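Below is one structure, written out as structure tokens; the observations come after it.
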Amino acid sequence: MVVPHKGENLVWFAGAYSGSVSFSHDSKVSVHQVKEKDVSKIAGDYVRRHAMGMGLGAAEDARKALWSAMFAILHGNPGKLLLVSGKSPGWSWIKATHGGKTTVLNVAVTKTQSVDVSFRFLRHKDTGGKMVPDTIWSPDDAARWVGELNWIYGPQANISFDLWDAEWVPLNQAPNQPISRQVFLKDIAGQKPAGPDVTVFLVGQWGGGASGHSSGTFFDDEDVAVVDDRPSHPEITDPIDKFQVTLAHELAHYLRKERGFAGHHDRPNVLLSSGIQSLRLDKQLVMDMNPP
Ligand SMILES: [Zn+2]
């Protein structure tokens, strides 16, 4: 698990812990066994730290879901719920001993990595001189996306995205849809702002992707990504939002590139997989992006 340096995360030790369990750990973490009276405060703190950017409604849904998950663990399921605080960065561990059996959990205490992200939305001048959007999205959507990215990347990797800015970018005439790689690189990508770490373009339909990952592309020489308005990922099941997966995927390319890694992996149900993806980051992916 990943615990932010000077922050907290939750872990559930599952198993038939009917009797007493003893926990030990080194000095890089502190560990608090969650009791029923703590649940409301912990859920509230967790959501304030990671989920507020999604908007009040979504944050409240996240708080309720977390609250009931914690409550269910304490009541219905055998096991122990621990609140782990990161005291100093590096690899740490927690050992749980029950009935002579010991389980070890590796814990990465990581510093926060901050990423400034910009969004650019394509529009063009029609024959009457009026500006017409090419994408169904607009700069108003960017803050919510950044909130969703923080809900994905904060608890799992201690990576925090900041919205640098979100603006329209113009073309002088209507482009052919879907947007080709050639048109994107010639007329659009150069309109990225100076300053942020990475810029994501919304252009309508994206036609420049490689097969298998056609709904978005990250250009590592430019630190620029493109995401299709309505990514098609028939292999990804509901309720995972395919746009969120695609946006998180392209930014994972950016984060891994910063550490010298390229391409995809083949671990199923993990973000950036060449097979079926989800919003889950596994240990290897976290180590590729924000090692302790
Ligand atoms: Zn990819």
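Residues are named by chain letter and number: chains run A, B, ... in the order of the structure tokens, numbers start at 1 in each chain, and ligands are numbered from 1 in the order shown.
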
Closest contacts (chain A/ligand 1, max 12 Å, only C-alpha atoms and all ligand atoms) as a tab-separated table:
residue	atom	partner	partner_atom_place_in_ligand_line	distance
A:Gly209	CA	ligand 1	1 (Zn)	9.1
A:Ala210	CA	ligand 1	1 (Zn)	8.6
A:Ser211	CA	ligand 1	1 (Zn)	10.1
A:Gly212	CA	ligand 1	1 (Zn)	8.8
A:His213	CA	ligand 1	1 (Zn)	5.8
A:Ser214	CA	ligand 1	1 (Zn)	8.6
A:Ser215	CA	ligand 1	1 (Zn)	9.1
A:Gly216	CA	ligand 1	1 (Zn)	7.2
A:Thr217	CA	ligand 1	1 (Zn)	6.4
A:Phe218	CA	ligand 1	1 (Zn)	7.1
A:Phe219	CA	ligand 1	1 (Zn)	10.2
A:Asp220	CA	ligand 1	1 (Zn)	11.2
A:Ala225	CA	ligand 1	1 (Zn)	10.2
A:Val226	CA	ligand 1	1 (Zn)	11.0
A:Val227	CA	ligand 1	1 (Zn)	10.9
A:Val245	CA	ligand 1	1 (Zn)	10.6
A:Thr246	CA	ligand 1	1 (Zn)	8.4
A:Leu247	CA	ligand 1	1 (Zn)	10.1
A:Ala248	CA	ligand 1	1 (Zn)	10.0
A:His249	CA	ligand 1	1 (Zn)	6.2
A:Glu250	CA	ligand 1	1 (Zn)	6.1
A:Leu251	CA	ligand 1	1 (Zn)	9.2
A:Ala252	CA	ligand 1	1 (Zn)	8.3
A:His253	CA	ligand 1	1 (Zn)	6.6
A:Tyr254	CA	ligand 1	1 (Zn)	10.0
A:Arg256	CA	ligand 1	1 (Zn)	11.1
A:Lys257	CA	ligand 1	1 (Zn)	11.7
A:Ala262	CA	ligand 1	1 (Zn)	9.2
A:Gly263	CA	ligand 1	1 (Zn)	6.5
A:His264	CA	ligand 1	1 (Zn)	6.2
A:His265	CA	ligand 1	1 (Zn)	9.5
A:Asp266	CA	ligand 1	1 (Zn)	11.7
A:Leu271	CA	ligand 1	1 (Zn)	9.5
A:Leu272	CA	ligand 1	1 (Zn)	6.1
A:Ser273	CA	ligand 1	1 (Zn)	8.1
A:Ser274	CA	ligand 1	1 (Zn)	7.7
A:Gly275	CA	ligand 1	1 (Zn)	10.8
A:Gln277	CA	ligand 1	1 (Zn)	10.7

Quiz item: What residues in segment 75-263 of chain A get the DSSP label strand (DSSP E or B)? Please answer as a ChimeraX atom specification.
Solution: /A:79-86,90-98,101-110,113-125,131-133,159-171,179,198-202,206,210,213,216-219,224-227

Quiz item: Could you pull the residues within 10 Å of segment 36-49 of chain A, counting only C-alpha atoms, minus those fewer than 6 positions along the same chain, as a VMD selection string?
Solution: chain A and resid 7 to 10 59 to 71 74 to 75 83 150 to 151 154 to 155

Prev. selection, C-alpha atoms, output as a PDB file, in the first residue's frame:
ATOM      1  CA  GLY A   7      -0.656  11.868   5.547  1.00  0.00           C
ATOM      2  CA  GLU A   8      -2.815   8.815   6.124  1.00  0.00           C
ATOM      3  CA  ASN A   9      -4.338   5.881   4.304  1.00  0.00           C
ATOM      4  CA  LEU A  10      -6.588   2.982   5.245  1.00  0.00           C
ATOM      5  CA  ALA A  59     -17.560  14.032  -2.773  1.00  0.00           C
ATOM      6  CA  GLU A  60     -20.599  13.363  -0.588  1.00  0.00           C
ATOM      7  CA  ASP A  61     -21.274  10.123  -2.498  1.00  0.00           C
ATOM      8  CA  ALA A  62     -17.641   9.119  -1.955  1.00  0.00           C
ATOM      9  CA  ARG A  63     -17.922   9.898   1.773  1.00  0.00           C
ATOM     10  CA  LYS A  64     -21.064   7.795   2.131  1.00  0.00           C
ATOM     11  CA  ALA A  65     -19.520   4.889   0.191  1.00  0.00           C
ATOM     12  CA  LEU A  66     -16.367   5.006   2.311  1.00  0.00           C
ATOM     13  CA  TRP A  67     -18.356   5.319   5.530  1.00  0.00           C
ATOM     14  CA  SER A  68     -20.498   2.282   4.733  1.00  0.00           C
ATOM     15  CA  ALA A  69     -17.510   0.236   3.528  1.00  0.00           C
ATOM     16  CA  MET A  70     -15.678   0.963   6.800  1.00  0.00           C
ATOM     17  CA  PHE A  71     -18.780   0.220   8.822  1.00  0.00           C
ATOM     18  CA  LEU A  74     -16.043  -3.363  11.347  1.00  0.00           C
ATOM     19  CA  HIS A  75     -19.377  -5.156  11.669  1.00  0.00           C
ATOM     20  CA  LEU A  83      -5.403   3.889   9.696  1.00  0.00           C
ATOM     21  CA  ASN A 150      -6.932  13.315  -7.689  1.00  0.00           C
ATOM     22  CA  TRP A 151      -9.445  10.781  -6.376  1.00  0.00           C
ATOM     23  CA  GLY A 154      -4.105  10.595  -4.559  1.00  0.00           C
ATOM     24  CA  PRO A 155      -4.944   7.582  -2.372  1.00  0.00           C
TER      25      PRO A 155
END

Quiz prompt | Point-to-point distance from atom CA of Leu171 of chain A to atom CA of Pro231 of chain A, Å rounded to tenths | solution =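 Taking atom CA of Leu171 of chain A and atom CA of Pro231 of chain A, their separation equals 23.0 Å.
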
Do a neighbour search on Gln177 of chain A at 9 Å with only C-alpha atoms, toss out local chain neighbours closer than 3 positions, and write the hits as a PDB file with C-alpha atoms, in the first residue's frame.
ATOM      1  CA  ASP A 134     -15.353  20.707 -32.221  1.00  0.00           C
ATOM      2  CA  ALA A 174     -13.562  23.378 -39.867  1.00  0.00           C
ATOM      3  CA  SER A 180      -5.728  12.918 -37.880  1.00  0.00           C
ATOM      4  CA  VAL A 203     -10.531  17.760 -30.284  1.00  0.00           C
ATOM      5  CA  GLY A 204     -13.792  15.875 -30.822  1.00  0.00           C
ATOM      6  CA  GLN A 205     -13.084  12.514 -32.406  1.00  0.00           C
ATOM      7  CA  TRP A 206      -9.487  11.354 -32.300  1.00  0.00           C
ATOM      8  CA  GLY A 207      -8.351   9.439 -35.359  1.00  0.00           C
TER       9      GLY A 207
END

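When atom CA of Lys80 of chain A is paired with atom CA of Val286 of chain A, their separation reads 24.6 Å.
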
Self-check item: Residue among A:Val117, A:Met131, A:Val109, A:Ile188 lying closest to Ala143 of chain A, counting only C-alpha atoms
Solution: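 When distances to Ala143 of chain A are compared using only C-alpha atoms, the smallest one comes from A:Val117.
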
Practice problem: Choose the residue, out of A:Gly100, A:Gly53, A:Gly260, A:Pro133, that has the smallest atom-to-atom separation from Pro170 of chain A; count only C-alpha atoms. | Solution: A:Pro133

Quiz item: If you count only C-alpha atoms, which residues fall within 10 Å of Val84 of chain A, apart from same-chain ones fewer than 5 positions away, as a PyMOL selection string?
Solution: chain A and resi 1-4+7-11+29-34+94+107+109
